[in-house]
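Asker: This is work_37.cif, which holds mmCIF, C-alpha atoms:
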```
data_upload
loop_
_atom_site.label_atom_id
_atom_site.label_comp_id
_atom_site.auth_asym_id
_atom_site.auth_seq_id
_atom_site.Cartn_x
_atom_site.Cartn_y
_atom_site.Cartn_z
CA MET A 1 37.49 -10.79 -39.48
CA PHE A 2 34.26 -12.62 -38.79
CA SER A 3 34.38 -13.85 -35.22
CA LEU A 4 32.25 -16.87 -34.40
CA GLN A 5 33.20 -16.58 -30.75
CA LYS A 6 31.85 -13.04 -30.77
CA LEU A 7 28.60 -14.04 -32.40
CA LEU A 8 28.01 -17.09 -30.25
CA GLY A 9 28.72 -17.41 -26.56
CA LYS A 10 30.13 -14.69 -24.36
CA ASP A 11 28.86 -16.22 -21.20
CA ASP A 12 31.96 -15.59 -19.19
CA LYS A 13 31.64 -11.94 -20.06
CA PHE A 14 28.00 -11.82 -18.92
CA PHE A 15 28.75 -13.56 -15.64
CA GLY A 16 31.69 -11.22 -15.07
CA LEU A 17 29.58 -8.14 -15.80
CA LEU A 18 26.72 -9.26 -13.56
CA GLU A 19 29.18 -10.01 -10.75
CA GLY A 20 30.76 -6.60 -11.30
CA ALA A 21 27.32 -4.97 -11.05
CA ALA A 22 26.60 -6.82 -7.80
CA GLU A 23 29.98 -5.71 -6.40
CA GLU A 24 29.27 -2.07 -7.33
CA ALA A 25 25.93 -2.30 -5.56
CA ARG A 26 27.74 -3.59 -2.49
CA HIS A 27 30.37 -0.84 -2.71
CA SER A 28 27.73 1.88 -2.68
CA VAL A 29 26.11 0.34 0.40
CA GLN A 30 29.53 -0.01 2.08
CA ALA A 31 30.22 3.68 1.40
CA LEU A 32 26.88 4.61 2.88
CA ASN A 33 27.42 2.43 5.92
CA ARG A 34 30.83 4.00 6.56
CA SER A 35 29.24 7.45 6.54
CA LEU A 36 26.23 6.50 8.65
CA ALA A 37 28.41 4.71 11.20
CA THR A 38 30.41 7.91 11.74
CA PRO A 39 27.82 10.50 12.78
CA THR A 40 30.44 13.28 12.77
CA ALA A 41 31.44 12.63 9.15
CA VAL A 42 30.14 15.03 6.53
CA LEU A 43 28.40 13.07 3.82
CA THR A 44 29.34 14.03 0.27
CA MET A 45 27.77 12.79 -2.91
CA ASP A 46 30.96 11.94 -4.83
CA GLU A 47 31.30 8.31 -3.82
CA PHE A 48 27.61 7.55 -4.40
CA VAL A 49 27.48 9.24 -7.77
CA GLN A 50 30.59 7.31 -8.83
CA ALA A 51 29.12 3.98 -7.70
CA ARG A 52 25.89 4.65 -9.56
CA ARG A 53 27.76 5.71 -12.71
CA ALA A 54 29.96 2.62 -12.58
CA GLU A 55 26.82 0.51 -12.25
CA LYS A 56 25.20 2.34 -15.16
CA LYS A 57 28.26 1.70 -17.29
CA ILE A 58 28.12 -2.01 -16.53
CA ALA A 59 24.38 -2.07 -17.34
CA GLU A 60 25.16 -0.45 -20.70
CA GLN A 61 27.92 -2.97 -21.39
CA ILE A 62 25.47 -5.77 -20.67
CA SER A 63 22.88 -4.26 -23.05
CA GLU A 64 25.49 -3.89 -25.78
CA ALA A 65 26.79 -7.43 -25.30
CA LEU A 66 23.22 -8.72 -25.51
CA VAL A 67 22.75 -7.02 -28.87
CA GLU A 68 26.05 -8.35 -30.23
CA THR A 69 25.72 -11.90 -28.94
CA PHE A 70 23.69 -14.50 -30.76
CA VAL A 71 23.50 -17.25 -28.16
CA THR A 72 23.53 -16.83 -24.40
CA THR A 73 23.30 -19.50 -21.71
CA LEU A 74 20.91 -17.38 -19.72
CA GLU A 75 17.85 -16.03 -21.52
CA ARG A 76 18.43 -12.45 -22.59
CA GLU A 77 15.35 -11.07 -20.85
CA ASP A 78 16.53 -12.67 -17.60
CA ILE A 79 19.93 -11.00 -17.95
CA GLU A 80 18.17 -7.70 -18.64
CA VAL A 81 15.89 -8.00 -15.60
CA LEU A 82 18.82 -8.91 -13.34
CA SER A 83 20.94 -6.05 -14.64
CA GLU A 84 18.05 -3.64 -14.10
CA THR A 85 17.39 -4.72 -10.50
CA LEU A 86 21.12 -4.52 -9.70
CA TYR A 87 21.30 -0.97 -11.07
CA LYS A 88 18.45 0.11 -8.82
CA ILE A 89 20.45 -0.68 -5.65
CA PRO A 90 23.12 2.08 -5.96
CA LYS A 91 20.50 4.36 -7.53
CA THR A 92 18.34 4.14 -4.41
CA VAL A 93 21.41 4.52 -2.18
CA GLU A 94 22.30 7.70 -4.05
CA LYS A 95 18.77 9.02 -3.61
CA PHE A 96 19.03 8.37 0.13
CA ALA A 97 22.38 10.18 0.31
CA GLU A 98 20.93 13.24 -1.46
CA ARG A 99 18.01 13.44 0.95
CA PHE A 100 20.27 12.77 3.94
CA ILE A 101 22.56 15.67 3.03
CA ILE A 102 19.74 18.19 2.67
CA SER A 103 18.22 17.18 6.00
CA ALA A 104 21.51 16.89 7.93
CA THR A 105 20.50 19.26 10.72
CA LEU A 106 17.27 17.39 11.41
CA VAL A 107 18.77 13.90 11.40
CA LYS A 108 21.81 14.77 13.49
CA GLY A 109 22.39 12.19 16.22
CA THR A 110 20.12 9.55 14.72
CA SER A 111 21.50 6.01 14.86
CA PHE A 112 21.13 3.88 11.76
CA ALA A 113 23.01 0.93 13.28
CA ARG A 114 20.18 -1.58 12.78
CA HIS A 115 19.74 -0.52 9.16
CA ILE A 116 23.48 -0.78 8.49
CA LYS A 117 23.48 -4.39 9.69
CA LEU A 118 20.60 -5.34 7.42
CA LEU A 119 21.98 -3.45 4.40
CA GLU A 120 25.31 -5.23 4.74
CA ALA A 121 23.70 -8.63 5.10
CA ALA A 122 21.40 -8.05 2.11
CA THR A 123 24.12 -6.88 -0.29
CA ASN A 124 26.50 -9.68 0.78
CA GLN A 125 23.73 -12.12 -0.01
CA VAL A 126 23.14 -10.49 -3.43
CA VAL A 127 26.83 -10.80 -4.37
CA ALA A 128 26.92 -14.46 -3.26
CA MET A 129 23.73 -15.28 -5.20
CA VAL A 130 24.92 -13.66 -8.44
CA LYS A 131 28.18 -15.64 -8.17
CA GLU A 132 26.13 -18.85 -7.98
CA LEU A 133 24.94 -18.26 -11.55
CA ARG A 134 28.24 -19.54 -12.94
CA ASP A 135 27.42 -23.03 -11.67
CA LEU A 136 23.94 -23.39 -13.07
CA GLY A 137 22.53 -26.87 -13.35
CA GLU A 138 21.19 -29.75 -11.38
CA GLY A 139 21.56 -29.57 -7.65
CA ARG A 140 21.88 -25.79 -7.48
CA LEU A 141 18.21 -25.08 -6.92
CA ASP A 142 18.17 -26.01 -3.24
CA THR A 143 21.25 -23.89 -2.58
CA ILE A 144 19.79 -20.84 -4.30
CA LYS A 145 16.39 -21.33 -2.67
CA ALA A 146 18.04 -21.38 0.75
CA MET A 147 20.01 -18.23 -0.08
CA ASN A 148 16.87 -16.52 -1.33
CA ALA A 149 14.98 -17.55 1.81
CA ARG A 150 17.69 -15.83 3.88
CA LEU A 151 17.34 -12.70 1.76
CA GLN A 152 13.56 -12.76 2.27
CA GLU A 153 14.19 -13.07 6.00
CA ILE A 154 16.41 -9.98 5.92
CA GLU A 155 13.71 -8.13 4.00
CA GLY A 156 11.16 -9.25 6.62
CA GLU A 157 13.41 -7.88 9.37
CA ALA A 158 13.63 -4.57 7.48
CA ASP A 159 9.82 -4.43 7.29
CA GLU A 160 9.63 -4.96 11.04
CA LEU A 161 12.27 -2.32 11.61
CA ILE A 162 10.28 0.30 9.72
CA LEU A 163 7.33 -0.38 12.03
CA VAL A 164 9.57 0.05 15.08
CA VAL A 165 10.83 3.43 13.86
CA LEU A 166 7.32 4.52 12.82
CA ARG A 167 6.04 3.73 16.30
CA ASP A 168 8.62 6.15 17.68
CA LEU A 169 8.09 8.80 14.99
CA TRP A 170 4.32 8.77 15.44
CA SER A 171 4.50 8.78 19.24
CA GLY A 172 3.95 12.52 19.40
CA GLN A 173 7.40 13.17 20.88
CA HIS A 174 8.95 14.61 17.72
CA GLU A 175 8.49 17.76 15.74
CA THR A 176 6.34 17.04 12.66
CA THR A 177 8.92 18.16 10.09
CA LYS A 178 11.39 15.72 11.61
CA VAL A 179 8.75 12.98 11.42
CA ILE A 180 8.27 13.61 7.69
CA VAL A 181 12.00 13.74 6.94
CA MET A 182 12.95 10.69 8.99
CA LYS A 183 10.12 8.62 7.59
CA ASP A 184 11.27 9.47 4.07
CA LEU A 185 14.85 8.44 4.90
CA TYR A 186 13.90 5.20 6.65
CA GLU A 187 11.65 4.23 3.77
CA LEU A 188 14.46 4.80 1.29
CA LEU A 189 16.74 2.49 3.28
CA GLU A 190 13.97 -0.09 3.29
CA LYS A 191 13.70 0.33 -0.47
CA VAL A 192 17.40 -0.50 -0.88
CA ILE A 193 16.71 -3.82 0.84
CA ASP A 194 13.61 -4.32 -1.32
CA ARG A 195 15.81 -3.88 -4.40
CA CYS A 196 18.18 -6.55 -3.03
CA ARG A 197 15.16 -8.82 -2.55
CA ASP A 198 14.12 -8.18 -6.18
CA THR A 199 17.61 -9.19 -7.31
CA GLY A 200 17.41 -12.39 -5.26
CA LYS A 201 14.07 -13.15 -6.86
CA ALA A 202 15.50 -12.62 -10.35
CA VAL A 203 18.47 -14.94 -9.63
CA THR A 204 16.18 -17.63 -8.19
CA HIS A 205 13.96 -17.40 -11.26
CA ILE A 206 16.98 -18.00 -13.52
CA VAL A 207 18.25 -20.95 -11.49
CA LEU A 208 14.78 -22.52 -11.39
CA LYS A 209 14.48 -22.18 -15.15
CA ASN A 210 17.87 -23.80 -15.70
CA SER A 211 17.66 -26.55 -13.10
CA MET B 1 8.75 -41.74 -16.31
CA ILE B 2 7.97 -38.59 -18.21
CA ASN B 3 4.83 -37.00 -16.91
CA PHE B 4 3.16 -35.41 -19.97
CA GLN B 5 0.31 -33.98 -17.92
CA ARG B 6 2.95 -32.05 -15.96
CA ILE B 7 4.78 -30.76 -19.00
CA LEU B 8 1.66 -29.93 -21.00
CA GLY B 9 -1.48 -28.27 -19.73
CA ARG B 10 -2.41 -27.72 -16.13
CA GLU B 11 -5.10 -25.25 -17.06
CA ASP B 12 -7.39 -25.92 -14.16
CA GLU B 13 -4.63 -25.59 -11.62
CA PHE B 14 -3.65 -22.15 -12.92
CA PHE B 15 -7.19 -20.81 -12.69
CA THR B 16 -7.70 -22.37 -9.26
CA LEU B 17 -4.53 -20.69 -7.95
CA LEU B 18 -5.60 -17.30 -9.35
CA GLU B 19 -9.07 -17.65 -7.81
CA ALA B 20 -7.59 -18.65 -4.46
CA SER B 21 -5.23 -15.66 -4.62
CA ALA B 22 -8.13 -13.26 -5.29
CA GLN B 23 -10.01 -14.88 -2.39
CA GLU B 24 -7.09 -14.15 -0.02
CA GLY B 25 -7.39 -10.49 -1.07
CA ALA B 26 -11.09 -10.62 -0.13
CA ASN B 27 -10.24 -12.26 3.22
CA ALA B 28 -7.79 -9.47 3.97
CA VAL B 29 -10.49 -6.87 3.24
CA THR B 30 -12.90 -8.70 5.59
CA ALA B 31 -10.25 -8.54 8.34
CA LEU B 32 -9.77 -4.85 7.57
CA LYS B 33 -13.49 -4.20 7.97
CA ARG B 34 -13.39 -5.95 11.34
CA ILE B 35 -10.64 -3.76 12.79
CA LEU B 36 -12.03 -0.53 11.37
CA ARG B 37 -15.54 -1.27 12.67
CA ASN B 38 -14.19 -2.17 16.09
CA ALA B 39 -11.92 0.80 16.64
CA ASN B 40 -12.10 0.45 20.44
CA GLY B 41 -11.09 -3.23 20.53
CA THR B 42 -7.55 -4.56 20.57
CA PRO B 43 -6.66 -5.01 16.90
CA SER B 44 -4.55 -7.94 15.81
CA LEU B 45 -2.45 -8.41 12.69
CA LYS B 46 -2.84 -12.18 12.68
CA ASP B 47 -5.58 -12.36 10.02
CA PHE B 48 -3.77 -9.95 7.68
CA ALA B 49 -0.45 -11.73 7.96
CA GLU B 50 -2.21 -15.05 7.35
CA ALA B 51 -3.97 -13.80 4.19
CA ARG B 52 -0.76 -12.31 2.83
CA ARG B 53 1.30 -15.37 3.68
CA LYS B 54 -1.18 -17.71 1.96
CA ASP B 55 -1.28 -15.42 -1.06
CA LYS B 56 2.52 -15.43 -1.21
CA GLU B 57 2.52 -19.23 -1.23
CA LEU B 58 -0.05 -19.30 -4.03
CA THR B 59 1.92 -16.75 -6.08
CA THR B 60 5.19 -18.65 -5.60
CA ARG B 61 3.49 -21.91 -6.65
CA LEU B 62 2.06 -20.26 -9.72
CA GLU B 63 5.42 -18.73 -10.65
CA GLU B 64 7.13 -22.12 -10.32
CA MET B 65 4.42 -23.77 -12.41
CA LEU B 66 4.93 -21.16 -15.09
CA ILE B 67 8.55 -22.21 -15.38
CA THR B 68 7.95 -25.96 -15.27
CA THR B 69 4.82 -26.12 -17.46
CA PHE B 70 5.17 -26.24 -21.20
CA VAL B 71 1.71 -25.11 -22.25
CA THR B 72 -0.18 -22.55 -20.22
CA PRO B 73 -3.84 -21.52 -20.64
CA LEU B 74 -2.87 -17.86 -21.04
CA GLU B 75 0.40 -16.22 -21.99
CA ARG B 76 3.04 -16.67 -19.33
CA GLU B 77 3.71 -12.97 -18.80
CA ASP B 78 -0.02 -12.30 -18.40
CA LEU B 79 -0.35 -14.99 -15.76
CA GLU B 80 2.73 -13.68 -14.00
CA ALA B 81 1.42 -10.10 -14.07
CA LEU B 82 -1.98 -11.14 -12.75
CA ALA B 83 -0.49 -13.23 -9.92
CA GLU B 84 1.73 -10.29 -8.99
CA VAL B 85 -1.07 -7.69 -8.85
CA LEU B 86 -3.38 -10.06 -6.95
CA TYR B 87 -0.67 -10.62 -4.33
CA LYS B 88 -0.29 -6.89 -3.87
CA ILE B 89 -3.90 -6.53 -2.65
CA PRO B 90 -3.54 -8.36 0.71
CA LYS B 91 0.02 -7.02 0.99
CA THR B 92 -1.20 -3.41 0.83
CA VAL B 93 -4.10 -4.15 3.20
CA GLU B 94 -1.62 -5.62 5.70
CA LYS B 95 0.62 -2.57 5.35
CA PHE B 96 -2.36 -0.33 6.14
CA ALA B 97 -3.32 -2.45 9.17
CA GLU B 98 0.21 -2.35 10.60
CA ARG B 99 0.32 1.43 10.33
CA TYR B 100 -3.25 1.88 11.54
CA ILE B 101 -2.43 0.03 14.75
CA ILE B 102 0.74 2.07 15.34
CA GLY B 103 -0.95 5.39 14.58
CA ALA B 104 -4.22 4.68 16.43
CA PRO B 105 -3.41 6.73 19.59
CA GLN B 106 -2.81 9.85 17.45
CA ILE B 107 -5.86 9.59 15.21
CA ALA B 108 -8.65 9.16 17.74
CA GLY B 109 -12.04 9.93 16.23
CA ALA B 110 -10.93 9.38 12.64
CA ASN B 111 -12.88 6.97 10.53
CA PHE B 112 -12.51 5.54 7.07
CA ASP B 113 -16.22 5.03 6.44
CA ASN B 114 -16.11 6.61 3.01
CA GLN B 115 -13.24 4.49 1.72
CA LEU B 116 -14.12 1.10 3.20
CA PRO B 117 -17.33 0.41 1.18
CA LEU B 118 -15.46 1.24 -2.02
CA ILE B 119 -12.70 -1.24 -1.16
CA GLU B 120 -15.31 -3.92 -0.47
CA GLN B 121 -16.98 -3.26 -3.82
CA ALA B 122 -13.66 -3.28 -5.66
CA ILE B 123 -12.45 -6.62 -4.26
CA GLN B 124 -15.81 -8.28 -4.97
CA ILE B 125 -15.60 -7.12 -8.59
CA VAL B 126 -12.04 -8.50 -8.85
CA LEU B 127 -13.24 -11.86 -7.50
CA LYS B 128 -15.99 -12.00 -10.14
CA MET B 129 -13.55 -11.02 -12.88
CA VAL B 130 -11.07 -13.74 -11.92
CA HIS B 131 -13.88 -16.31 -11.98
CA ALA B 132 -15.09 -14.99 -15.36
CA LEU B 133 -11.57 -15.48 -16.70
CA ARG B 134 -11.99 -19.25 -16.52
CA GLU B 135 -15.16 -18.98 -18.61
CA GLY B 136 -13.58 -16.48 -21.02
CA ASP B 137 -16.76 -14.39 -20.97
CA LEU B 138 -15.70 -11.10 -22.56
CA GLY B 139 -19.07 -9.36 -22.21
CA ASP B 140 -19.21 -9.95 -18.50
CA ILE B 141 -15.61 -8.87 -17.97
CA LYS B 142 -16.15 -5.62 -19.85
CA GLY B 143 -19.14 -4.70 -17.70
CA LEU B 144 -17.26 -5.53 -14.50
CA GLN B 145 -14.23 -3.57 -15.65
CA ASN B 146 -16.39 -0.47 -16.21
CA LYS B 147 -17.80 -0.83 -12.70
CA LEU B 148 -14.29 -1.20 -11.27
CA GLN B 149 -13.10 1.93 -13.04
CA ALA B 150 -16.09 3.84 -11.66
CA VAL B 151 -15.29 2.66 -8.12
CA GLU B 152 -11.66 3.67 -8.53
CA SER B 153 -12.64 7.12 -9.76
CA GLN B 154 -15.00 7.54 -6.77
CA ALA B 155 -12.12 6.55 -4.49
CA ASP B 156 -9.99 9.34 -6.00
CA ASP B 157 -12.73 11.88 -5.18
CA VAL B 158 -13.08 10.54 -1.64
CA LEU B 159 -9.32 10.88 -1.11
CA THR B 160 -9.36 14.48 -2.36
CA ASP B 161 -12.19 15.34 0.09
CA CYS B 162 -10.26 13.67 2.88
CA LEU B 163 -7.07 15.59 2.06
CA ALA B 164 -8.99 18.89 1.91
CA LYS B 165 -9.95 18.38 5.56
CA LEU B 166 -6.38 17.49 6.58
CA TYR B 167 -4.98 20.58 4.86
CA GLU B 168 -7.32 22.97 6.68
CA PRO B 169 -5.39 25.49 8.78
CA GLY B 170 -5.22 24.45 12.39
CA PHE B 171 -5.57 20.72 11.77
CA PRO B 172 -3.03 18.98 14.07
CA SER B 173 0.03 18.38 11.90
CA LEU B 174 1.07 14.93 13.15
CA LYS B 175 -2.49 13.67 12.90
CA ALA B 176 -2.63 15.02 9.34
CA VAL B 177 0.62 13.21 8.43
CA ILE B 178 -0.63 9.89 9.80
CA LEU B 179 -4.12 10.17 8.30
CA LYS B 180 -2.71 11.09 4.91
CA GLU B 181 -0.47 8.02 4.96
CA LEU B 182 -3.38 5.77 5.93
CA SER B 183 -5.83 7.26 3.41
CA ASP B 184 -3.23 6.95 0.65
CA LEU B 185 -2.73 3.29 1.52
CA LEU B 186 -6.48 2.58 1.36
CA GLU B 187 -6.62 4.25 -2.02
CA LYS B 188 -3.69 2.10 -3.09
CA VAL B 189 -5.70 -1.02 -2.23
CA ILE B 190 -8.33 0.11 -4.75
CA ASP B 191 -5.59 0.94 -7.26
CA ARG B 192 -4.28 -2.60 -6.90
CA CYS B 193 -7.81 -3.94 -7.57
CA ARG B 194 -7.99 -1.69 -10.64
CA ASP B 195 -4.59 -3.02 -11.80
CA ALA B 196 -5.88 -6.59 -11.48
CA GLY B 197 -8.96 -5.61 -13.50
CA ASN B 198 -6.78 -4.05 -16.19
CA VAL B 199 -4.66 -7.18 -16.53
CA ILE B 200 -7.75 -9.40 -16.78
CA SER B 201 -9.35 -7.15 -19.44
CA HIS B 202 -6.10 -7.10 -21.37
CA VAL B 203 -5.86 -10.90 -21.25
CA LEU B 204 -9.44 -11.36 -22.35
CA LEU B 205 -9.10 -8.94 -25.24
CA LYS B 206 -5.95 -10.68 -26.39
CA ASN B 207 -7.65 -14.06 -26.31
CA SER B 208 -11.03 -13.04 -27.73
#
```
Just give me the structure as C-alpha cells.
Answerer:
Amino acid sequence: MFSLQKLLGKDDKFFGLLEGAAEEARHSVQALNRSLATPTAVLTMDEFVQARRAEKKIAEQISEALVETFVTTLEREDIEVLSETLYKIPKTVEKFAERFIISATLVKGTSFARHIKLLEAATNQVVAMVKELRDLGEGRLDTIKAMNARLQEIEGEADELILVVLRDLWSGQHETTKVIVMKDLYELLEKVIDRCRDTGKAVTHIVLKNS
Amino acid sequence: MINFQRILGREDEFFTLLEASAQEGANAVTALKRILRNANGTPSLKDFAEARRKDKELTTRLEEMLITTFVTPLEREDLEALAEVLYKIPKTVEKFAERYIIGAPQIAGANFDNQLPLIEQAIQIVLKMVHALREGDLGDIKGLQNKLQAVESQADDVLTDCLAKLYEPGFPSLKAVILKELSDLLEKVIDRCRDAGNVISHVLLKNS
C-alpha cells in the first residue's frame, strides 16, 4: 500500500536515530573511561568495536531513511553531516583503544584522569545538544549557543592539556619511544574531543538555520 | 520592518570579512617571524592567540551571515570553504608557536630559516588572491596560483632536506622527534595557504 506517512515526514525517526547515535558515542567514551580509570584492567577491543558497529548501523539507517523520505524538517545535508560527525566519535575512541592495547607496557601507570573528565563532559554535552533538536524554533538559539560555548570551552581545556603533557614528554626525562607512543595516544584523546566539538558545531548550524 | 538589504546582498561585507581573515593569517606569520628571529628572547603566545581569536570571530560572523543572507556574491559552500581554510592558517601558526616554546630547551641551535621565507611568500600571495577575488580578475588569480603552487613544492623539498638531517645516525632522538613535529607544522602552514589558493581558483573558474 502506498504510504504517504512514509513518503513525507519521518522526523521523529530522524530525531530518535540521531539521539541514538549520540548515546552510542557516549557509551564508547564511558567504556573507555571505565578502562582508563582502572589501570589494572586489561583493555579488550570488544566493547569498542561493538559501540562503533552500533553507531555505523545507526548511520546506515539514517542514510536509508533519507533516501526513502521525501520531506524532512531538517535539511538532509545537515542530517548527513551530523550523522557523520557522530560516527567519528566512537571510531576515534576505537582507534585509541587499539593503539593503547599494543603499547600497554609503555603506558603502564600513566594517569588519564584529566582526559577522562573532559571526555565525559564533552560527550554529555553532545547528547544534550542533539536532544535539543526536537524543540527547534524561536528562542532555542540562545540555549544552543550557550551549550556550544561550553563545548568550545571543554575543547579549549583539552588543547591546553595537550600542551601540559607535551611539556612533560619533551622535558628529556622520558625514553624517546615512550614519548612517541604517549604523544600519539594523547593526540587521539584530543581528537575525540575535537569530534565532539564538530558535532556541537553541526547542531548549532542547524538551530541557527531554523531559528 | 523587513530589512531587504539584510536578506538580499551583502556582497561587500562578505569580501571584507574574507580579506580581514586573510590579514589575520598574515599577522600571525609576522608574529612567527618575530619569535623565530629572536630565539634568545622570551617568546609570548599573546600575538598568535590574538590573531587566531580575531580570525575565529570573523569566520563565525561569516558563517552566520551565510545562513541569514538570501543572496550571496559567491556560492555558499565556496564561501564557507574559503572561510574555513583561511581560519586554519593562524590556527596552525599558533599551534607551531605553542610547541616551539615548549620544545625550545631541547632544540637549541635549530633554525627554520629555510621554511620561514616560503611561509611569508605564501601568505602574501594568499592576501593578493583574496583581494583579487573581489575584482574577479581571473588572469591575475591564475598567475598567483601558479606562484603559490611553486612555493608549496619548494616547501616540500625543504622539508625532505630537513628530515634527511634528522634521520642521520647519531642525531639525538628526542631532538629529532621535536624538530620533525615543528617542521611538519610549518609545512602545514604552507599547505593551508595552498588550500586557500585552490578554493579561490576554483571559485573564480566557476564564476568566469
Asker: Please identify every residue of chain B that has at least one atom no farther than 6 Å from an atom of chain A, counting only C-alpha atoms, and for each give the shortest atom pair and the distance in Å to one decimal, arranged by chain then increasing number, as JSON lines.
Answerer:
```
{"residue": "B:Ile67", "atom": "CA", "partner": "A:Lys209", "partner_atom": "CA", "distance": 5.9}
{"residue": "B:Ile102", "atom": "CA", "partner": "A:Arg167", "partner_atom": "CA", "distance": 5.6}
{"residue": "B:Leu174", "atom": "CA", "partner": "A:Thr176", "partner_atom": "CA", "distance": 5.7}
```
Asker: What does the PyMOL selection byres ((chain B and resi 56) around 10) select in this file, as a PyMOL selection string?
Answerer: chain B and resi 21+24+50-55+57-62+83-84+86-88+90-91
Asker: Translate the PyMOL selection byres ((chain B and resi 82) around 9) into a concrete residue list for this structure, as a ChimeraX atom specification.
Answerer: /B:18,77-81,83-87,195-197,199-200
Asker: Show which residues sit within 6 Å of Gly25 (chain B), as a PyMOL selection string. Count all atoms listed in the file, and ignore same-chain residues fewer than 2 positions away.
Answerer: chain B and resi 22-23+27-28+89-90
Asker: Pull out every residue that the PyMOL selection byres ((chain B and resi 151) around 12) matches in the shown coordinates and put them as a ChimeraX atom specification.
Answerer: /B:114-126,144-150,152-158,187,189-191,193-194,197
